[in-house]
>>> print(open('data-v5.pdb').read())   # PDB, C-alpha atoms
ATOM      1  CA  MET A 328     -31.254  35.267   7.553
ATOM      2  CA  ASN A 329     -33.916  34.185   5.067
ATOM      3  CA  THR A 330     -35.633  30.796   5.029
ATOM      4  CA  ALA A 331     -33.663  29.499   2.029
ATOM      5  CA  THR A 332     -30.351  30.311   3.740
ATOM      6  CA  ARG A 333     -31.436  28.596   6.977
ATOM      7  CA  LEU A 334     -32.670  25.562   5.044
ATOM      8  CA  GLY A 335     -29.371  25.359   3.131
ATOM      9  CA  LYS A 336     -27.379  25.490   6.385
ATOM     10  CA  PHE A 337     -29.638  22.817   7.882
ATOM     11  CA  ARG A 338     -29.051  20.537   4.871
ATOM     12  CA  LEU A 339     -25.297  21.126   5.093
ATOM     13  CA  GLY A 340     -25.333  20.332   8.813
ATOM     14  CA  ALA A 341     -27.474  17.209   8.306
ATOM     15  CA  GLY A 342     -25.150  16.040   5.521
ATOM     16  CA  ALA A 343     -22.087  16.505   7.717
ATOM     17  CA  LEU A 344     -23.781  14.598  10.521
ATOM     18  CA  ALA A 345     -24.681  11.719   8.165
ATOM     19  CA  PHE A 346     -21.076  11.600   6.897
ATOM     20  CA  ALA A 347     -19.742  11.577  10.461
ATOM     21  CA  CYS A 348     -22.100   8.732  11.421
ATOM     22  CA  ALA A 349     -21.079   6.694   8.365
ATOM     23  CA  SER A 350     -17.408   7.313   9.137
ATOM     24  CA  PHE A 351     -17.913   6.242  12.757
ATOM     25  CA  ALA A 352     -19.685   3.063  11.625
ATOM     26  CA  ALA A 353     -16.658   2.058   9.534
ATOM     27  CA  ALA A 354     -14.166   3.022  12.220
ATOM     28  CA  ALA A 355     -11.516   0.437  12.813
ATOM     29  CA  GLY A 356     -10.864  -1.261  16.065
ATOM     30  CA  GLY A 357      -7.537  -0.924  17.749
ATOM     31  CA  ALA A 358      -4.784  -3.312  16.766
ATOM     32  CA  SER A 359      -1.038  -3.584  17.046
ATOM     33  CA  GLY A 360       1.429  -6.188  15.972
ATOM     34  CA  SER A 361       3.013  -7.554  12.838
ATOM     35  CA  ILE A 362       2.558  -9.868   9.890
ATOM     36  CA  ASP A 363       5.587 -11.481   8.264
ATOM     37  CA  TYR A 364       5.928 -13.715   5.244
ATOM     38  CA  ALA A 365       8.513 -14.243   2.482
ATOM     39  CA  HIS A 366      10.793 -11.453   3.712
ATOM     40  CA  LYS A 367       7.881  -9.008   3.555
ATOM     41  CA  ASN A 368       6.097  -7.571   6.566
ATOM     42  CA  ALA A 369       3.354  -5.201   7.596
ATOM     43  CA  ALA A 370       2.578  -3.470  10.844
ATOM     44  CA  VAL A 371      -0.914  -4.305  12.085
ATOM     45  CA  LYS A 372      -2.663  -1.033  12.932
ATOM     46  CA  TYR A 373      -6.363  -1.673  12.298
ATOM     47  CA  ALA A 374      -8.835  -4.489  12.932
ATOM     48  CA  TRP A 375     -12.450  -5.107  11.892
ATOM     49  CA  LEU A 376     -14.892  -7.951  12.456
ATOM     50  CA  ILE A 377     -17.399  -9.059   9.819
ATOM     51  CA  GLU A 378     -19.728 -12.039  10.044
ATOM     52  CA  GLY A 379     -21.176 -13.956   7.157
ATOM     53  CA  PRO A 380     -21.930 -17.385   5.728
ATOM     54  CA  ASP A 381     -19.241 -20.056   5.880
ATOM     55  CA  ASP A 382     -18.877 -21.316   2.302
ATOM     56  CA  MET A 383     -17.107 -24.459   3.564
ATOM     57  CA  GLN A 384     -19.945 -25.368   5.949
ATOM     58  CA  PRO A 385     -23.310 -24.391   4.453
ATOM     59  CA  GLY A 386     -25.769 -23.118   7.024
ATOM     60  CA  LYS A 387     -23.061 -21.954   9.426
ATOM     61  CA  THR A 388     -22.049 -18.380  10.088
ATOM     62  CA  LEU A 389     -18.447 -17.403  10.681
ATOM     63  CA  ARG A 390     -16.781 -14.324  12.079
ATOM     64  CA  ARG A 391     -13.800 -13.051  10.115
ATOM     65  CA  LEU A 392     -11.195 -10.705  11.536
ATOM     66  CA  TYR A 393      -9.618  -8.265   9.114
ATOM     67  CA  PHE A 394      -6.189  -6.880   9.992
ATOM     68  CA  SER A 395      -4.631  -4.115   7.942
ATOM     69  CA  ALA A 396      -1.711  -1.721   7.891
ATOM     70  CA  THR A 397      -4.003   0.967   6.419
ATOM     71  CA  ASP A 398      -7.557   2.098   7.171
ATOM     72  CA  ILE A 399      -9.800   0.166   4.773
ATOM     73  CA  GLY A 400     -12.945   0.549   6.895
ATOM     74  CA  ALA A 401     -14.938   2.431   4.256
ATOM     75  CA  LYS A 402     -14.148  -0.239   1.648
ATOM     76  CA  LEU A 403     -15.169  -3.022   4.031
ATOM     77  CA  ALA A 404     -18.377  -1.215   4.994
ATOM     78  CA  ALA A 405     -19.343  -0.918   1.316
ATOM     79  CA  CYS A 406     -19.028  -4.679   0.686
ATOM     80  CA  ALA A 407     -22.045  -6.961   0.504
ATOM     81  CA  SER A 408     -20.046 -10.225   0.592
ATOM     82  CA  LEU A 409     -17.082 -11.723   2.397
ATOM     83  CA  SER A 410     -15.164 -12.121  -0.867
ATOM     84  CA  CYS A 411     -15.562  -8.400  -1.575
ATOM     85  CA  ALA A 412     -14.282  -7.596   1.910
ATOM     86  CA  ASP A 413     -11.356  -9.994   1.443
ATOM     87  CA  GLY A 414     -10.406  -8.219  -1.772
ATOM     88  CA  SER A 415     -10.175  -4.914   0.112
ATOM     89  CA  VAL A 416      -7.088  -6.077   2.013
ATOM     90  CA  SER A 417      -3.769  -5.305   0.323
ATOM     91  CA  GLU A 418      -1.403  -5.251   3.343
ATOM     92  CA  GLY A 419      -2.722  -7.439   6.136
ATOM     93  CA  ALA A 420      -4.553 -10.648   6.919
ATOM     94  CA  THR A 421      -7.937 -12.244   7.404
ATOM     95  CA  ILE A 422      -8.525 -14.879  10.059
ATOM     96  CA  ASP A 423     -11.710 -16.837  10.593
ATOM     97  CA  PHE A 424     -12.732 -17.205  14.222
ATOM     98  CA  ALA A 425     -14.927 -19.834  15.824
ATOM     99  CA  LYS A 426     -14.005 -21.142  19.249
ATOM    100  CA  ASP A 427     -15.679 -24.494  18.567
ATOM    101  CA  ALA A 428     -13.873 -25.119  15.259
ATOM    102  CA  ARG A 429     -10.970 -27.520  14.860
ATOM    103  CA  HIS A 430      -9.448 -25.598  11.957
ATOM    104  CA  LEU A 431      -9.470 -21.842  11.350
ATOM    105  CA  GLY A 432      -8.491 -20.527   7.952
ATOM    106  CA  TYR A 433      -6.301 -17.487   7.529
ATOM    107  CA  TRP A 434      -4.942 -15.507   4.610
ATOM    108  CA  VAL A 435      -1.948 -13.183   4.589
ATOM    109  CA  VAL A 436      -1.545 -10.602   1.848
ATOM    110  CA  LEU A 437       1.404  -8.226   1.488
ATOM    111  CA  ASN A 438       3.038  -5.967  -1.084
ATOM    112  CA  GLY A 439      -0.251  -4.810  -2.641
ATOM    113  CA  GLN A 440      -1.587  -8.408  -2.875
ATOM    114  CA  LYS A 441       1.495  -9.545  -4.821
ATOM    115  CA  VAL A 442       2.602 -11.772  -1.926
ATOM    116  CA  GLN A 443      -0.030 -14.136  -0.486
ATOM    117  CA  TYR A 444      -0.157 -17.112   1.827
ATOM    118  CA  SER A 445      -3.090 -19.060   3.180
ATOM    119  CA  GLY A 446      -3.045 -21.586   5.939
ATOM    120  CA  GLY A 447      -4.878 -22.933   8.906
ATOM    121  CA  THR A 448      -4.587 -22.733  12.641
ATOM    122  CA  GLU A 449      -6.375 -23.906  15.760
ATOM    123  CA  PRO A 450      -8.478 -21.854  18.181
ATOM    124  CA  ALA A 451      -5.528 -22.116  20.613
ATOM    125  CA  ALA A 452      -3.791 -19.474  18.461
ATOM    126  CA  PHE A 453      -6.158 -16.969  20.086
ATOM    127  CA  THR A 454      -6.060 -15.634  23.614
ATOM    128  CA  ILE A 455      -9.501 -14.063  23.890
ATOM    129  CA  LYS A 456     -10.304 -11.270  26.344
ATOM    130  CA  THR A 457     -13.778 -10.440  24.987
ATOM    131  CA  ASP A 458     -15.959 -12.741  22.910
ATOM    132  CA  ALA A 459     -19.326 -11.044  22.550
ATOM    133  CA  ARG A 460     -21.732 -11.154  19.631
ATOM    134  CA  ASP A 461     -20.710  -7.642  18.583
ATOM    135  CA  ARG A 462     -17.059  -7.551  19.669
ATOM    136  CA  LEU A 463     -13.948  -9.719  19.676
ATOM    137  CA  ALA A 464     -10.779  -8.703  21.515
ATOM    138  CA  GLY A 465      -7.582 -10.423  22.476
ATOM    139  CA  HIS A 466      -4.311 -11.638  21.006
ATOM    140  CA  VAL A 467      -3.583 -13.916  18.055
ATOM    141  CA  HIS A 468      -0.291 -15.704  17.486
ATOM    142  CA  ILE A 469       0.170 -17.844  14.386
ATOM    143  CA  ASP A 470       3.680 -18.974  13.486
ATOM    144  CA  ASP A 471       4.048 -21.189  10.426
ATOM    145  CA  ALA A 472       7.472 -19.709   9.562
ATOM    146  CA  ALA A 473       9.333 -22.970  10.299
ATOM    147  CA  ALA A 474       7.283 -24.616   7.539
ATOM    148  CA  GLY A 475       7.857 -21.706   5.138
ATOM    149  CA  GLY A 476       4.586 -20.040   6.053
ATOM    150  CA  ALA A 477       3.447 -16.791   7.573
ATOM    151  CA  LYS A 478       3.655 -15.366  11.059
ATOM    152  CA  ILE A 479       0.926 -13.190  12.589
ATOM    153  CA  ASP A 480       1.344 -11.710  16.050
ATOM    154  CA  ALA A 481      -1.248  -9.095  16.988
ATOM    155  CA  ASP A 482      -3.348  -7.648  19.784
ATOM    156  CA  PHE A 483      -6.787  -6.500  18.671
ATOM    157  CA  ASP A 484     -10.102  -5.100  19.818
ATOM    158  CA  ALA A 485     -12.600  -5.263  16.962
ATOM    159  CA  ALA A 486     -16.271  -4.334  17.075
ATOM    160  CA  LEU A 487     -18.614  -6.010  14.607
ATOM    161  CA  LEU A 488     -18.551  -3.781  11.513
ATOM    162  CA  LYS A 489     -21.356  -5.575   9.694
ATOM    163  CA  SER A 490     -23.060  -8.839   8.845
ATOM    164  CA  VAL A 491     -23.224  -9.947   5.234
ATOM    165  CA  THR A 492     -25.488 -12.583   3.716
ATOM    166  CA  SER A 493     -23.237 -13.705   0.869
ATOM    167  CA  ALA A 494     -19.858 -15.406   0.834
ATOM    168  CA  HIS A 495     -19.239 -14.456  -2.803
TER     169      HIS A 495
END
>>> encode(input="data-v5.pdb", output="structure tokens")
Amino acid sequence: MNTATRLGKFRLGAGALAFACASFAAAAGGASGSIDYAHKNAAVKYAWLIEGPDDMQPGKTLRRLYFSATDIGAKLAACASLSCADGSVSEGATIDFAKDARHLGYWVVLNGQKVQYSGGTEPAAFTIKTDARDRLAGHVHIDDAAAGGAKIDADFDAALLKSVTSAH
């Protein structure tokens, strides 16, 4: 085998390794459960965790859980802001998490973003098994159906996908 052929195979192998590493970095955490609102629903299959600036409380950082029925990890990984990441969800939900907060915002999106609902919940909606800087795992139960709102019931184990420096 000549040097050019070996170099070409090396480049191909290095490219495949880089792709595999990037794919692993965007890999979703495990999740199971459901999201229901307005006679629409989605099965929760994937979860990610992204941290970034809280636009409601300047100077504070929040952690946002992303739940989805489809694997949107590559889209989330490509985002430089929380609003970009939010826009990547078409069948799922986002939920802000901070155990010391009194109010946690959440957003449900279904039917390709044609059905949306946003609301708030308390930290008591979470049963946390792991709360580490780089990982959040547990169960979330939000039920605003009696008031015409959404219901989220999901188990999750989400590693920190990335930190962003911009809310918008």
>>> closest_residue(input="data-v5.pdb", among="A:Gly476, A:Gln443, A:Gly356, A:Ile399", to="Ala464 (chain A)", atoms="only C-alpha atoms")
A:Gly356
>>> resolve_selection(input="data-v5.pdb", expression="the PyMOL selection byres ((chain A and resi 468) around 6)", output="list in words")
Ala452, Val467, Ile469, Ile479 and Asp480 of chain A
>>> atom_distance(input="data-v5.pdb", atom1="CA of Ala404 (chain A)", atom2="CA of Arg390 (chain A)")
15.0 Å
>>> atom_distance(input="data-v5.pdb", atom1="CA of Leu403 (chain A)", atom2="CA of Gly379 (chain A)")
12.9 Å
>>> closest_residue(input="data-v5.pdb", among="A:Asp482, A:Asp382, A:Asp471, A:Glu449", to="Phe394 (chain A)", atoms="only C-alpha atoms")
A:Asp482
>>> resolve_selection(input="data-v5.pdb", expression="the PyMOL selection byres ((chain A and resi 437) around 8)", output="list in words")
Lys367, Asn368, Ala369, Ser417, Glu418, Gly419, Val435, Val436, Asn438, Gly439, Gln440, Lys441, Val442 and Gln443 of chain A
>>> closest_residue(input="data-v5.pdb", among="A:Val371, A:Ala425, A:Cys411, A:Ala405", to="Leu389 (chain A)", atoms="all atoms listed in the file")
A:Ala425
>>> resolve_selection(input="data-v5.pdb", expression="the PyMOL selection byres ((chain A and resi 426-432) around 12)", output="MDAnalysis selection string")
chainID A and resid 381:384 387:392 420:425 433:435 444:455 458:459 463 467 469
>>> closest_residue(input="data-v5.pdb", among="A:Leu487, A:Ala412, A:Ala407, A:Ala396", to="Trp375 (chain A)", atoms="only C-alpha atoms")
A:Leu487
>>> atom_distance(input="data-v5.pdb", atom1="CA of Ser415 (chain A)", atom2="CA of Ser359 (chain A)")
19.3 Å
>>> decode(input="data-v5.pdb", residues="region 415-459 of chain A", atoms="C-alpha atoms", output="compact mmCIF listing (two decimals), in the first residue's frame")
# COMPACT_ATOMS: atom_id res chain seq x y z
CA SER A 415 -35.74 22.64 18.01
CA VAL A 416 -38.58 20.96 19.92
CA SER A 417 -41.63 20.08 17.82
CA GLU A 418 -43.12 17.20 19.87
CA GLY A 419 -42.19 17.51 23.53
CA ALA A 420 -41.59 19.95 26.35
CA THR A 421 -39.03 22.14 28.05
CA ILE A 422 -38.95 22.53 31.82
CA ASP A 423 -36.71 24.85 33.78
CA PHE A 424 -35.18 23.31 36.88
CA ALA A 425 -33.86 25.01 39.99
CA LYS A 426 -34.49 23.40 43.35
CA ASP A 427 -34.38 26.77 45.13
CA ALA A 428 -36.93 28.45 42.83
CA ARG A 429 -40.54 29.09 43.79
CA HIS A 430 -41.78 28.94 40.20
CA LEU A 431 -40.47 26.80 37.34
CA GLY A 432 -41.55 27.59 33.82
CA TYR A 433 -42.47 24.89 31.35
CA TRP A 434 -43.54 24.78 27.72
CA VAL A 435 -45.37 21.98 25.94
CA VAL A 436 -45.33 21.76 22.16
CA LEU A 437 -47.16 19.15 20.09
CA ASN A 438 -48.31 18.53 16.53
CA GLY A 439 -45.23 20.09 14.91
CA GLN A 440 -45.43 23.20 17.16
CA LYS A 441 -49.04 23.86 16.11
CA VAL A 442 -50.29 23.12 19.64
CA GLN A 443 -48.51 24.93 22.50
CA TYR A 444 -49.04 25.56 26.18
CA SER A 445 -46.85 27.26 28.73
CA GLY A 446 -47.28 27.25 32.44
CA GLY A 447 -45.53 27.10 35.74
CA THR A 448 -44.95 24.56 38.44
CA GLU A 449 -43.14 24.19 41.74
CA PRO A 450 -39.97 22.21 42.47
CA ALA A 451 -42.23 19.66 44.22
CA ALA A 452 -43.24 18.48 40.73
CA PHE A 453 -39.82 16.80 40.59
CA THR A 454 -38.68 13.70 42.42
CA ILE A 455 -34.93 13.92 41.95
CA LYS A 456 -32.64 10.89 42.11
CA THR A 457 -29.47 12.62 40.87
CA ASP A 458 -28.80 16.35 40.96
CA ALA A 459 -25.19 16.84 39.92
